[in-house]
>>> print(open('final22.csv').read())   # CSV, C-alpha atoms and all ligand atoms
chain,number,residue,atom,x,y,z
A,1,MET,CA,-237.1,-41.9,-113.7
A,2,ILE,CA,-235.0,-40.7,-110.8
A,3,LEU,CA,-232.9,-37.6,-111.6
A,4,THR,CA,-230.5,-36.3,-109.0
A,5,ILE,CA,-229.2,-32.7,-109.0
A,6,ALA,CA,-226.2,-32.6,-106.7
A,7,ASN,CA,-223.1,-30.7,-105.9
A,8,THR,CA,-221.3,-30.6,-102.6
A,9,LYS,CA,-220.9,-26.9,-103.3
A,10,GLY,CA,-223.8,-24.5,-102.6
A,11,GLY,CA,-225.1,-21.6,-104.7
A,12,VAL,CA,-224.6,-23.4,-108.0
A,13,GLY,CA,-228.2,-23.6,-108.9
A,14,LYS,CA,-229.3,-27.0,-107.6
A,15,SER,CA,-232.6,-25.7,-106.3
A,16,THR,CA,-233.2,-23.5,-109.3
A,17,LEU,CA,-232.7,-26.4,-111.6
A,18,ALA,CA,-234.6,-28.9,-109.5
A,19,VAL,CA,-237.7,-26.7,-109.2
A,20,ASN,CA,-237.7,-25.6,-112.8
A,21,ILE,CA,-237.4,-29.2,-114.0
A,22,ALA,CA,-239.9,-30.6,-111.6
A,23,ALA,CA,-242.5,-27.9,-112.5
A,24,ALA,CA,-241.8,-28.3,-116.2
A,25,ARG,CA,-242.4,-32.1,-116.0
A,26,ALA,CA,-245.6,-31.6,-114.0
A,27,ILE,CA,-247.0,-29.3,-116.7
A,28,LEU,CA,-246.4,-32.1,-119.2
A,29,GLY,CA,-248.8,-34.2,-117.0
A,30,LYS,CA,-246.1,-36.2,-115.2
A,31,LYS,CA,-246.6,-37.2,-111.6
A,32,VAL,CA,-243.6,-35.5,-110.0
A,33,TRP,CA,-242.1,-35.9,-106.6
A,34,LEU,CA,-239.4,-33.4,-105.6
A,35,VAL,CA,-237.2,-34.8,-102.8
A,36,ASP,CA,-235.1,-32.1,-101.1
A,37,GLY,CA,-232.1,-33.8,-99.6
A,38,ASP,CA,-230.3,-30.5,-98.8
A,39,LYS,CA,-230.4,-29.3,-95.2
A,40,GLN,CA,-231.2,-25.8,-96.5
A,41,GLY,CA,-234.6,-27.1,-97.7
A,42,SER,CA,-235.1,-24.3,-100.3
A,43,SER,CA,-236.6,-26.5,-102.9
A,44,GLN,CA,-239.2,-27.7,-100.5
A,45,THR,CA,-239.9,-24.2,-99.4
A,46,ALA,CA,-240.4,-23.2,-103.1
A,47,ILE,CA,-242.8,-26.1,-103.7
A,48,LEU,CA,-244.8,-25.2,-100.6
A,49,ILE,CA,-245.2,-21.7,-101.9
A,50,ARG,CA,-246.5,-23.2,-105.1
A,51,SER,CA,-249.1,-25.3,-103.2
A,52,GLU,CA,-250.1,-22.4,-101.0
A,53,ALA,CA,-250.8,-20.4,-104.1
A,54,ASN,CA,-252.9,-23.3,-105.4
A,55,ILE,CA,-250.9,-23.5,-108.6
A,56,GLU,CA,-251.9,-26.5,-110.7
A,57,PRO,CA,-250.6,-29.0,-111.3
A,58,GLY,CA,-249.5,-29.8,-107.8
A,59,ILE,CA,-246.1,-31.3,-107.1
A,60,ALA,CA,-245.4,-33.7,-104.2
A,61,CYS,CA,-242.5,-32.7,-102.1
A,62,SER,CA,-240.5,-34.0,-99.2
A,63,HIS,CA,-237.4,-33.0,-97.2
A,64,PHE,CA,-235.0,-35.8,-96.4
A,65,PRO,CA,-231.6,-34.5,-95.4
A,66,ASP,CA,-230.8,-37.8,-93.8
A,67,GLY,CA,-229.4,-40.4,-96.2
A,68,PRO,CA,-230.9,-43.6,-94.8
A,69,VAL,CA,-234.4,-41.9,-94.6
A,70,LEU,CA,-234.1,-40.6,-98.1
A,71,ARG,CA,-233.1,-44.0,-99.4
A,72,THR,CA,-235.9,-46.0,-97.7
A,73,GLN,CA,-238.5,-43.5,-98.6
A,74,VAL,CA,-237.5,-43.1,-102.3
A,75,LEU,CA,-237.2,-46.9,-102.7
A,76,GLN,CA,-240.7,-47.3,-101.2
A,77,GLN,CA,-242.4,-44.5,-103.0
A,78,LYS,CA,-240.7,-44.1,-106.4
A,79,ASP,CA,-243.1,-46.3,-108.3
A,80,ASN,CA,-246.0,-44.0,-107.5
A,81,TYR,CA,-244.3,-41.2,-109.6
A,82,ASP,CA,-243.2,-40.8,-113.2
A,83,ASP,CA,-240.4,-38.5,-112.1
A,84,VAL,CA,-238.5,-38.3,-108.8
A,85,ILE,CA,-236.2,-35.2,-108.7
A,86,ILE,CA,-233.7,-35.3,-105.9
A,87,GLU,CA,-231.7,-32.3,-104.9
A,88,CYS,CA,-228.7,-32.7,-102.6
A,89,GLY,CA,-225.8,-30.7,-101.5
A,90,GLY,CA,-223.4,-30.1,-98.6
A,91,ARG,CA,-219.9,-31.6,-98.2
A,92,ASP,CA,-220.7,-34.5,-95.9
A,93,SER,CA,-224.1,-35.2,-97.3
A,94,THR,CA,-225.4,-38.6,-96.5
A,95,ALA,CA,-228.4,-37.7,-98.7
A,96,MET,CA,-226.1,-37.4,-101.7
A,97,ARG,CA,-224.5,-40.8,-101.1
A,98,ALA,CA,-228.0,-42.3,-100.7
A,99,ALA,CA,-229.3,-40.6,-103.8
A,100,LEU,CA,-226.4,-41.9,-105.9
A,101,THR,CA,-227.2,-45.5,-104.9
A,102,LEU,CA,-230.7,-45.0,-106.5
A,103,THR,CA,-230.5,-42.4,-109.3
A,104,ASP,CA,-230.9,-43.1,-113.0
A,105,TYR,CA,-229.2,-39.9,-113.9
A,106,LEU,CA,-227.0,-37.4,-112.1
A,107,LEU,CA,-226.6,-33.7,-113.0
A,108,VAL,CA,-223.9,-31.6,-111.4
A,109,PRO,CA,-224.4,-27.9,-111.9
A,110,PHE,CA,-221.6,-25.4,-111.7
A,111,VAL,CA,-221.6,-21.6,-112.1
A,112,PRO,CA,-218.7,-19.7,-113.7
A,113,GLY,CA,-216.0,-19.0,-111.2
A,114,SER,CA,-217.3,-21.6,-108.8
A,115,PHE,CA,-214.6,-24.0,-109.5
A,116,GLU,CA,-212.9,-25.3,-106.4
A,117,VAL,CA,-211.1,-28.5,-106.9
A,118,TRP,CA,-212.5,-30.1,-103.7
A,119,ALA,CA,-216.0,-29.7,-104.9
A,120,MET,CA,-215.5,-31.7,-108.1
A,121,GLU,CA,-213.3,-34.2,-106.4
A,122,ASP,CA,-215.8,-34.8,-103.7
A,123,VAL,CA,-218.5,-35.4,-106.3
A,124,VAL,CA,-216.3,-37.6,-108.4
A,125,ASN,CA,-215.3,-39.7,-105.4
A,126,MET,CA,-219.0,-40.2,-104.5
A,127,VAL,CA,-219.8,-41.2,-108.1
A,128,LYS,CA,-216.9,-43.7,-108.1
A,129,GLU,CA,-218.1,-45.1,-104.8
A,130,ALA,CA,-221.7,-45.5,-106.1
A,131,ARG,CA,-220.5,-47.0,-109.4
A,132,SER,CA,-218.5,-49.6,-107.5
A,133,ILE,CA,-221.6,-51.0,-105.9
A,134,ARG,CA,-224.2,-50.7,-108.7
A,135,ASP,CA,-224.7,-50.4,-112.4
A,136,ASN,CA,-223.2,-47.5,-114.2
A,137,PHE,CA,-225.4,-44.5,-114.4
A,138,PRO,CA,-225.0,-41.4,-116.6
A,139,ALA,CA,-223.5,-38.4,-114.8
A,140,TYR,CA,-223.0,-35.0,-116.4
A,141,SER,CA,-221.9,-31.6,-115.2
A,142,ILE,CA,-223.7,-28.6,-116.5
A,143,LEU,CA,-222.7,-24.9,-116.6
A,144,ASN,CA,-225.5,-22.9,-115.1
A,145,ARG,CA,-225.8,-19.1,-114.8
A,146,ALA,CA,-223.5,-18.8,-117.8
A,147,ASP,CA,-222.4,-15.3,-118.7
A,148,THR,CA,-224.6,-13.8,-121.4
A,149,ASN,CA,-221.8,-11.5,-122.4
A,150,ALA,CA,-220.5,-13.1,-125.6
A,151,ARG,CA,-217.1,-11.5,-125.2
A,152,SER,CA,-216.6,-12.9,-121.7
A,153,LYS,CA,-214.2,-15.9,-121.4
A,154,ASP,CA,-215.7,-17.0,-118.0
A,155,ASN,CA,-217.9,-19.7,-119.5
A,156,GLU,CA,-215.1,-21.2,-121.6
A,157,ASP,CA,-212.8,-21.1,-118.6
A,158,MET,CA,-215.3,-22.9,-116.4
A,159,VAL,CA,-216.1,-25.5,-118.9
A,160,ALA,CA,-212.4,-26.2,-119.3
A,161,ALA,CA,-212.1,-26.6,-115.5
A,162,MET,CA,-215.1,-29.0,-115.5
A,163,SER,CA,-213.7,-30.9,-118.4
A,164,GLU,CA,-210.7,-32.0,-116.2
A,165,TYR,CA,-213.1,-34.5,-114.6
A,166,ALA,CA,-214.8,-35.6,-117.9
A,167,GLU,CA,-213.6,-39.1,-117.6
A,168,GLU,CA,-216.1,-39.7,-114.7
A,169,ILE,CA,-218.4,-36.8,-115.3
A,170,PRO,CA,-218.5,-35.4,-118.8
A,171,VAL,CA,-219.7,-31.9,-119.4
A,172,LEU,CA,-223.1,-31.5,-121.0
A,173,GLU,CA,-222.9,-29.7,-124.3
A,174,HIS,CA,-225.9,-27.6,-123.3
A,175,MET,CA,-225.8,-24.8,-120.7
A,176,LEU,CA,-228.3,-22.5,-118.9
A,177,TYR,CA,-227.5,-18.8,-119.0
A,178,SER,CA,-227.9,-16.3,-116.2
A,179,ARG,CA,-231.5,-15.1,-116.4
A,180,LYS,CA,-233.6,-13.7,-113.7
A,181,ALA,CA,-236.5,-15.8,-115.1
A,182,PHE,CA,-235.0,-19.0,-113.8
A,183,ALA,CA,-234.5,-17.5,-110.3
A,184,ASN,CA,-237.9,-15.9,-110.2
A,185,ALA,CA,-239.7,-19.0,-111.4
A,186,ALA,CA,-237.9,-21.3,-109.0
A,187,GLY,CA,-238.5,-18.9,-106.0
A,188,SER,CA,-242.2,-19.4,-106.3
A,189,GLY,CA,-242.1,-23.1,-107.1
A,190,ARG,CA,-242.6,-22.7,-110.8
A,191,SER,CA,-240.8,-23.3,-114.1
A,192,VAL,CA,-240.1,-20.5,-116.6
A,193,PHE,CA,-242.9,-22.0,-118.7
A,194,GLU,CA,-245.4,-20.7,-116.2
A,195,MET,CA,-244.0,-17.2,-116.2
A,196,LYS,CA,-244.7,-14.2,-118.3
A,197,LEU,CA,-241.3,-13.2,-119.6
A,198,LYS,CA,-239.9,-10.0,-120.9
A,199,ALA,CA,-238.5,-10.3,-124.4
A,200,HIS,CA,-234.9,-10.6,-123.4
A,201,GLU,CA,-235.7,-13.3,-120.9
A,202,LYS,CA,-237.6,-15.5,-123.4
A,203,PRO,CA,-234.6,-17.7,-124.3
A,204,ALA,CA,-234.9,-19.2,-120.8
A,205,LYS,CA,-237.8,-21.3,-122.1
A,206,GLU,CA,-235.8,-22.7,-125.0
A,207,GLU,CA,-232.8,-23.4,-122.7
A,208,LEU,CA,-235.0,-25.3,-120.3
A,209,GLU,CA,-236.8,-27.1,-123.1
A,210,LYS,CA,-233.5,-28.3,-124.6
A,211,LEU,CA,-232.3,-29.5,-121.2
A,212,LEU,CA,-235.5,-31.5,-120.7
A,213,SER,CA,-235.1,-33.1,-124.1
A,214,ILE,CA,-231.6,-34.2,-123.1
A,215,LEU,CA,-232.6,-35.6,-119.8
A,216,PHE,CA,-235.9,-37.3,-120.5
A,301,LIG,N1,-229.6,-19.7,-114.4
A,301,LIG,C1,-229.7,-18.7,-113.4
A,301,LIG,N2,-229.9,-17.4,-113.7
A,301,LIG,C2,-230.0,-16.5,-112.7
A,301,LIG,N3,-229.9,-16.8,-111.4
A,301,LIG,C3,-229.7,-18.0,-111.0
A,301,LIG,C4,-229.6,-19.1,-112.0
A,301,LIG,N4,-229.4,-20.3,-111.3
A,301,LIG,C5,-229.4,-19.9,-110.0
A,301,LIG,N5,-229.6,-18.6,-109.8
A,301,LIG,C6,-229.5,-17.9,-108.5
A,301,LIG,O1,-228.3,-18.3,-107.8
A,301,LIG,C7,-228.5,-18.4,-106.4
A,301,LIG,C8,-228.1,-19.9,-106.0
A,301,LIG,O2,-229.0,-20.8,-106.6
A,301,LIG,P1,-229.6,-22.0,-105.9
A,301,LIG,O3,-230.5,-22.7,-106.8
A,301,LIG,O4,-230.2,-21.6,-104.6
A,301,LIG,O5,-228.3,-22.9,-105.6
A,301,LIG,P2,-228.0,-24.2,-104.7
A,301,LIG,O6,-229.3,-24.9,-104.6
A,301,LIG,O7,-227.0,-24.9,-105.5
A,301,LIG,O8,-227.5,-23.7,-103.4
A,301,LIG,C9,-230.0,-18.1,-106.2
A,301,LIG,O9,-230.1,-16.8,-105.8
A,301,LIG,C10,-230.6,-18.3,-107.5
A,301,LIG,O10,-231.8,-17.5,-107.7
A,302,MG,MG,-230.4,-25.6,-102.9
>>> encode(input="final22.csv", output="structure tokens", more="lines below")
Ligand SMILES: Nc1ncnc2c1ncn2[C@@H]1O[C@H](COP(=O)(O)OP(=O)(O)O)[C@@H](O)[C@H]1O
Ligand SMILES: [Mg+2]
Amino acid sequence: MILTIANTKGGVGKSTLAVNIAAARAILGKKVWLVDGDKQGSSQTAILIRSEANIEPGIACSHFPDGPVLRTQVLQQKDNYDDVIIECGGRDSTAMRAALTLTDYLLVPFVPGSFEVWAMEDVVNMVKEARSIRDNFPAYSILNRADTNARSKDNEDMVAAMSEYAEEIPVLEHMLYSRKAFANAAGSGRSVFEMKLKAHEKPAKEELEKLLSILF
């Protein structure tokens, strides 16, 4: 399946999620291709770190910030993989538009406090545009880097803001909390399943596991 992780806004965890999900699926024996459609190219950098460290299983990776290139390549190559994970971002991203014409599933991460109306509106408009030219496809927003402090209202506030766009992009019931393990794993092209975690970081594995069970 093709899974797109996108948000016009940066710093919301697109790369962190893309790499964790890609590596987690690879461990399950899936043939995975990570397509980095973000100009930044940080997912691609992470996967290259993985391959340079000879970590098995390997993950195929490409960097296609240009929409038409991404579209042609993904159309041509997708059947060679079980999972194609596409990351895209940036406000005028042609890669995002291209990915939305192909994807089976869209995940839009947000972090608490990251809500700026334009970001969600841009994404919603792109989703509408894509849905006008193709079959409907599931699209969900997800709260990432959620505050682990149970007394904080930040998570609730952010979910409420995200919910304003629920008609087009409903909010996933599940969230990923702020845990160094997600960041550390993704930085080296791995998933939290490949990391030795300190006791308080261990819930990261369950959080990712649950996300995978929702997506695949
Ligand atoms: N669940 C998380 N817990 C802790 N840190 C996170 C989490 N998700 C992302 N981060 C950190 O937040 C920053 C932005 O994440 P990144 O994946 O690069 O965002 P994007 O790709 O959307 O720009 C990075 O420093 C990353 O390590
Ligand atoms: Mg990124």
>>> residues_near_ligand(input="final22.csv", ligand="ligand LIG 301 (chain A)", cutoff="8 Å", atoms="all atoms listed in the file", output="PDB file with C-alpha atoms, in the frame of the given file")
ATOM      1  CA  ALA A   6    -226.200 -32.600-106.700  1.00  0.00           C
ATOM      2  CA  ASN A   7    -223.100 -30.700-105.900  1.00  0.00           C
ATOM      3  CA  LYS A   9    -220.900 -26.900-103.300  1.00  0.00           C
ATOM      4  CA  GLY A  10    -223.800 -24.500-102.600  1.00  0.00           C
ATOM      5  CA  GLY A  11    -225.100 -21.600-104.700  1.00  0.00           C
ATOM      6  CA  VAL A  12    -224.600 -23.400-108.000  1.00  0.00           C
ATOM      7  CA  GLY A  13    -228.200 -23.600-108.900  1.00  0.00           C
ATOM      8  CA  LYS A  14    -229.300 -27.000-107.600  1.00  0.00           C
ATOM      9  CA  SER A  15    -232.600 -25.700-106.300  1.00  0.00           C
ATOM     10  CA  THR A  16    -233.200 -23.500-109.300  1.00  0.00           C
ATOM     11  CA  LEU A  17    -232.700 -26.400-111.600  1.00  0.00           C
ATOM     12  CA  ALA A  18    -234.600 -28.900-109.500  1.00  0.00           C
ATOM     13  CA  SER A  42    -235.100 -24.300-100.300  1.00  0.00           C
ATOM     14  CA  SER A  43    -236.600 -26.500-102.900  1.00  0.00           C
ATOM     15  CA  GLU A  87    -231.700 -32.300-104.900  1.00  0.00           C
ATOM     16  CA  GLY A  89    -225.800 -30.700-101.500  1.00  0.00           C
ATOM     17  CA  PRO A 109    -224.400 -27.900-111.900  1.00  0.00           C
ATOM     18  CA  VAL A 111    -221.600 -21.600-112.100  1.00  0.00           C
ATOM     19  CA  ASN A 144    -225.500 -22.900-115.100  1.00  0.00           C
ATOM     20  CA  ARG A 145    -225.800 -19.100-114.800  1.00  0.00           C
ATOM     21  CA  ALA A 146    -223.500 -18.800-117.800  1.00  0.00           C
ATOM     22  CA  LEU A 176    -228.300 -22.500-118.900  1.00  0.00           C
ATOM     23  CA  TYR A 177    -227.500 -18.800-119.000  1.00  0.00           C
ATOM     24  CA  SER A 178    -227.900 -16.300-116.200  1.00  0.00           C
ATOM     25  CA  ARG A 179    -231.500 -15.100-116.400  1.00  0.00           C
ATOM     26  CA  LYS A 180    -233.600 -13.700-113.700  1.00  0.00           C
ATOM     27  CA  ALA A 181    -236.500 -15.800-115.100  1.00  0.00           C
ATOM     28  CA  PHE A 182    -235.000 -19.000-113.800  1.00  0.00           C
ATOM     29  CA  ALA A 183    -234.500 -17.500-110.300  1.00  0.00           C
ATOM     30  CA  ASN A 184    -237.900 -15.900-110.200  1.00  0.00           C
ATOM     31  CA  ALA A 186    -237.900 -21.300-109.000  1.00  0.00           C
ATOM     32  CA  GLY A 187    -238.500 -18.900-106.000  1.00  0.00           C
TER      33      GLY A 187
END
>>> atom_distance(input="final22.csv", atom1="atom CA of A:Ile85", atom2="atom CA of A:Asp154")
28.9 Å
>>> closest_residue(input="final22.csv", among="A:Leu107, A:Asn136, A:Leu100, A:Thr148", to="A:His200", atoms="all atoms listed in the file")
A:Thr148
>>> residues_around(input="final22.csv", residues="A:Cys88", least_positions_apart="4", cutoff="6 Å", atoms="all atoms listed in the file", output="PyMOL selection string")
chain A and resi 6+37-38+96
>>> closest_residue(input="final22.csv", among="A:Ser163, A:Thr8, A:Gln77, A:Thr72", to="A:Asn125", atoms="all atoms listed in the file")
A:Thr8
>>> residues_around(input="final22.csv", residues="stretch 129-131 of chain A", least_positions_apart="4", cutoff="10 Å", atoms="all atoms listed in the file", output="PyMOL selection string")
chain A and resi 97-103+123-125+135-137
>>> residues_around(input="final22.csv", residues="A:Lys205", least_positions_apart="5", cutoff="12 Å", atoms="all atoms listed in the file", output="PDB file with C-alpha atoms, in the frame of the given file")
ATOM      1  CA  ASN A  20    -237.700 -25.600-112.800  1.00  0.00           C
ATOM      2  CA  ILE A  21    -237.400 -29.200-114.000  1.00  0.00           C
ATOM      3  CA  ALA A  24    -241.800 -28.300-116.200  1.00  0.00           C
ATOM      4  CA  LEU A 176    -228.300 -22.500-118.900  1.00  0.00           C
ATOM      5  CA  TYR A 177    -227.500 -18.800-119.000  1.00  0.00           C
ATOM      6  CA  ARG A 179    -231.500 -15.100-116.400  1.00  0.00           C
ATOM      7  CA  ALA A 181    -236.500 -15.800-115.100  1.00  0.00           C
ATOM      8  CA  PHE A 182    -235.000 -19.000-113.800  1.00  0.00           C
ATOM      9  CA  ALA A 185    -239.700 -19.000-111.400  1.00  0.00           C
ATOM     10  CA  SER A 191    -240.800 -23.300-114.100  1.00  0.00           C
ATOM     11  CA  VAL A 192    -240.100 -20.500-116.600  1.00  0.00           C
ATOM     12  CA  PHE A 193    -242.900 -22.000-118.700  1.00  0.00           C
ATOM     13  CA  GLU A 194    -245.400 -20.700-116.200  1.00  0.00           C
ATOM     14  CA  MET A 195    -244.000 -17.200-116.200  1.00  0.00           C
ATOM     15  CA  LYS A 196    -244.700 -14.200-118.300  1.00  0.00           C
ATOM     16  CA  LEU A 197    -241.300 -13.200-119.600  1.00  0.00           C
ATOM     17  CA  LYS A 198    -239.900 -10.000-120.900  1.00  0.00           C
ATOM     18  CA  ALA A 199    -238.500 -10.300-124.400  1.00  0.00           C
ATOM     19  CA  HIS A 200    -234.900 -10.600-123.400  1.00  0.00           C
ATOM     20  CA  LYS A 210    -233.500 -28.300-124.600  1.00  0.00           C
ATOM     21  CA  LEU A 211    -232.300 -29.500-121.200  1.00  0.00           C
ATOM     22  CA  LEU A 212    -235.500 -31.500-120.700  1.00  0.00           C
TER      23      LEU A 212
END
>>> atom_distance(input="final22.csv", atom1="atom CA of A:Asn80", atom2="atom CA of A:Lys30")
11.0 Å
>>> decode(input="final22.csv", residues="stretch 130-157 of chain A", atoms="N, CA and C atoms", output="PDB file, in the first residue's frame")
ATOM      1  N   ALA A 130      -7.576  16.551  -4.651  1.00  0.00           N
ATOM      2  CA  ALA A 130      -7.256  15.172  -5.041  1.00  0.00           C
ATOM      3  C   ALA A 130      -8.519  14.327  -5.114  1.00  0.00           C
ATOM      4  N   ARG A 131      -9.419  14.529  -4.150  1.00  0.00           N
ATOM      5  CA  ARG A 131     -10.647  13.721  -4.135  1.00  0.00           C
ATOM      6  C   ARG A 131     -11.588  14.078  -5.279  1.00  0.00           C
ATOM      7  N   SER A 132     -11.398  15.265  -5.864  1.00  0.00           N
ATOM      8  CA  SER A 132     -12.250  15.624  -6.986  1.00  0.00           C
ATOM      9  C   SER A 132     -11.821  14.924  -8.274  1.00  0.00           C
ATOM     10  N   ILE A 133     -10.613  14.411  -8.284  1.00  0.00           N
ATOM     11  CA  ILE A 133     -10.151  13.761  -9.515  1.00  0.00           C
ATOM     12  C   ILE A 133      -9.922  12.262  -9.354  1.00  0.00           C
ATOM     13  N   ARG A 134     -10.174  11.725  -8.167  1.00  0.00           N
ATOM     14  CA  ARG A 134      -9.947  10.289  -7.977  1.00  0.00           C
ATOM     15  C   ARG A 134     -10.874   9.758  -6.885  1.00  0.00           C
ATOM     16  N   ASP A 135     -10.817   8.426  -6.683  1.00  0.00           N
ATOM     17  CA  ASP A 135     -11.628   7.812  -5.630  1.00  0.00           C
ATOM     18  C   ASP A 135     -11.281   8.413  -4.289  1.00  0.00           C
ATOM     19  N   ASN A 136     -12.237   8.336  -3.422  1.00  0.00           N
ATOM     20  CA  ASN A 136     -12.005   8.788  -2.059  1.00  0.00           C
ATOM     21  C   ASN A 136     -10.874   7.954  -1.436  1.00  0.00           C
ATOM     22  N   PHE A 137     -10.117   8.554  -0.572  1.00  0.00           N
ATOM     23  CA  PHE A 137      -9.080   7.795   0.142  1.00  0.00           C
ATOM     24  C   PHE A 137      -9.102   8.254   1.594  1.00  0.00           C
ATOM     25  N   PRO A 138      -8.798   7.355   2.522  1.00  0.00           N
ATOM     26  CA  PRO A 138      -8.820   7.747   3.919  1.00  0.00           C
ATOM     27  C   PRO A 138      -7.709   8.738   4.252  1.00  0.00           C
ATOM     28  N   ALA A 139      -8.069   9.748   5.021  1.00  0.00           N
ATOM     29  CA  ALA A 139      -7.094  10.754   5.456  1.00  0.00           C
ATOM     30  C   ALA A 139      -7.373  11.058   6.918  1.00  0.00           C
ATOM     31  N   TYR A 140      -6.354  10.963   7.733  1.00  0.00           N
ATOM     32  CA  TYR A 140      -6.504  11.226   9.168  1.00  0.00           C
ATOM     33  C   TYR A 140      -5.403  12.140   9.652  1.00  0.00           C
ATOM     34  N   SER A 141      -5.737  12.992  10.597  1.00  0.00           N
ATOM     35  CA  SER A 141      -4.685  13.737  11.281  1.00  0.00           C
ATOM     36  C   SER A 141      -4.337  12.968  12.550  1.00  0.00           C
ATOM     37  N   ILE A 142      -3.105  13.149  13.001  1.00  0.00           N
ATOM     38  CA  ILE A 142      -2.658  12.445  14.206  1.00  0.00           C
ATOM     39  C   ILE A 142      -1.846  13.404  15.074  1.00  0.00           C
ATOM     40  N   LEU A 143      -2.090  13.334  16.355  1.00  0.00           N
ATOM     41  CA  LEU A 143      -1.304  14.150  17.273  1.00  0.00           C
ATOM     42  C   LEU A 143      -0.005  13.411  17.572  1.00  0.00           C
ATOM     43  N   ASN A 144       1.095  14.051  17.267  1.00  0.00           N
ATOM     44  CA  ASN A 144       2.428  13.491  17.527  1.00  0.00           C
ATOM     45  C   ASN A 144       3.104  14.349  18.580  1.00  0.00           C
ATOM     46  N   ARG A 145       4.058  13.772  19.253  1.00  0.00           N
ATOM     47  CA  ARG A 145       4.817  14.481  20.279  1.00  0.00           C
ATOM     48  C   ARG A 145       3.886  15.021  21.368  1.00  0.00           C
ATOM     49  N   ALA A 146       2.870  14.226  21.653  1.00  0.00           N
ATOM     50  CA  ALA A 146       1.890  14.642  22.665  1.00  0.00           C
ATOM     51  C   ALA A 146       2.577  14.771  24.020  1.00  0.00           C
ATOM     52  N   ASP A 147       2.059  15.689  24.807  1.00  0.00           N
ATOM     53  CA  ASP A 147       2.619  15.968  26.127  1.00  0.00           C
ATOM     54  C   ASP A 147       2.368  14.781  27.056  1.00  0.00           C
ATOM     55  N   THR A 148       3.414  14.279  27.694  1.00  0.00           N
ATOM     56  CA  THR A 148       3.251  13.117  28.591  1.00  0.00           C
ATOM     57  C   THR A 148       2.753  13.540  29.975  1.00  0.00           C
ATOM     58  N   ASN A 149       2.721  14.827  30.218  1.00  0.00           N
ATOM     59  CA  ASN A 149       2.213  15.322  31.495  1.00  0.00           C
ATOM     60  C   ASN A 149       0.679  15.237  31.495  1.00  0.00           C
ATOM     61  N   ALA A 150       0.171  14.333  32.332  1.00  0.00           N
ATOM     62  CA  ALA A 150      -1.267  14.050  32.321  1.00  0.00           C
ATOM     63  C   ALA A 150      -2.109  15.281  32.662  1.00  0.00           C
ATOM     64  N   ARG A 151      -1.501  16.220  33.364  1.00  0.00           N
ATOM     65  CA  ARG A 151      -2.289  17.387  33.789  1.00  0.00           C
ATOM     66  C   ARG A 151      -2.325  18.498  32.735  1.00  0.00           C
ATOM     67  N   SER A 152      -1.465  18.366  31.742  1.00  0.00           N
ATOM     68  CA  SER A 152      -1.411  19.406  30.713  1.00  0.00           C
ATOM     69  C   SER A 152      -2.661  19.355  29.831  1.00  0.00           C
ATOM     70  N   LYS A 153      -3.135  20.504  29.411  1.00  0.00           N
ATOM     71  CA  LYS A 153      -4.317  20.544  28.537  1.00  0.00           C
ATOM     72  C   LYS A 153      -3.917  20.674  27.066  1.00  0.00           C
ATOM     73  N   ASP A 154      -2.607  20.714  26.823  1.00  0.00           N
ATOM     74  CA  ASP A 154      -2.127  20.976  25.462  1.00  0.00           C
ATOM     75  C   ASP A 154      -2.629  19.956  24.428  1.00  0.00           C
ATOM     76  N   ASN A 155      -2.640  18.686  24.827  1.00  0.00           N
ATOM     77  CA  ASN A 155      -3.070  17.652  23.877  1.00  0.00           C
ATOM     78  C   ASN A 155      -4.532  17.850  23.498  1.00  0.00           C
ATOM     79  N   GLU A 156      -5.324  18.022  24.532  1.00  0.00           N
ATOM     80  CA  GLU A 156      -6.760  18.226  24.342  1.00  0.00           C
ATOM     81  C   GLU A 156      -7.032  19.444  23.446  1.00  0.00           C
ATOM     82  N   ASP A 157      -6.336  20.538  23.718  1.00  0.00           N
ATOM     83  CA  ASP A 157      -6.526  21.768  22.943  1.00  0.00           C
ATOM     84  C   ASP A 157      -6.178  21.537  21.477  1.00  0.00           C
TER      85      ASP A 157
END
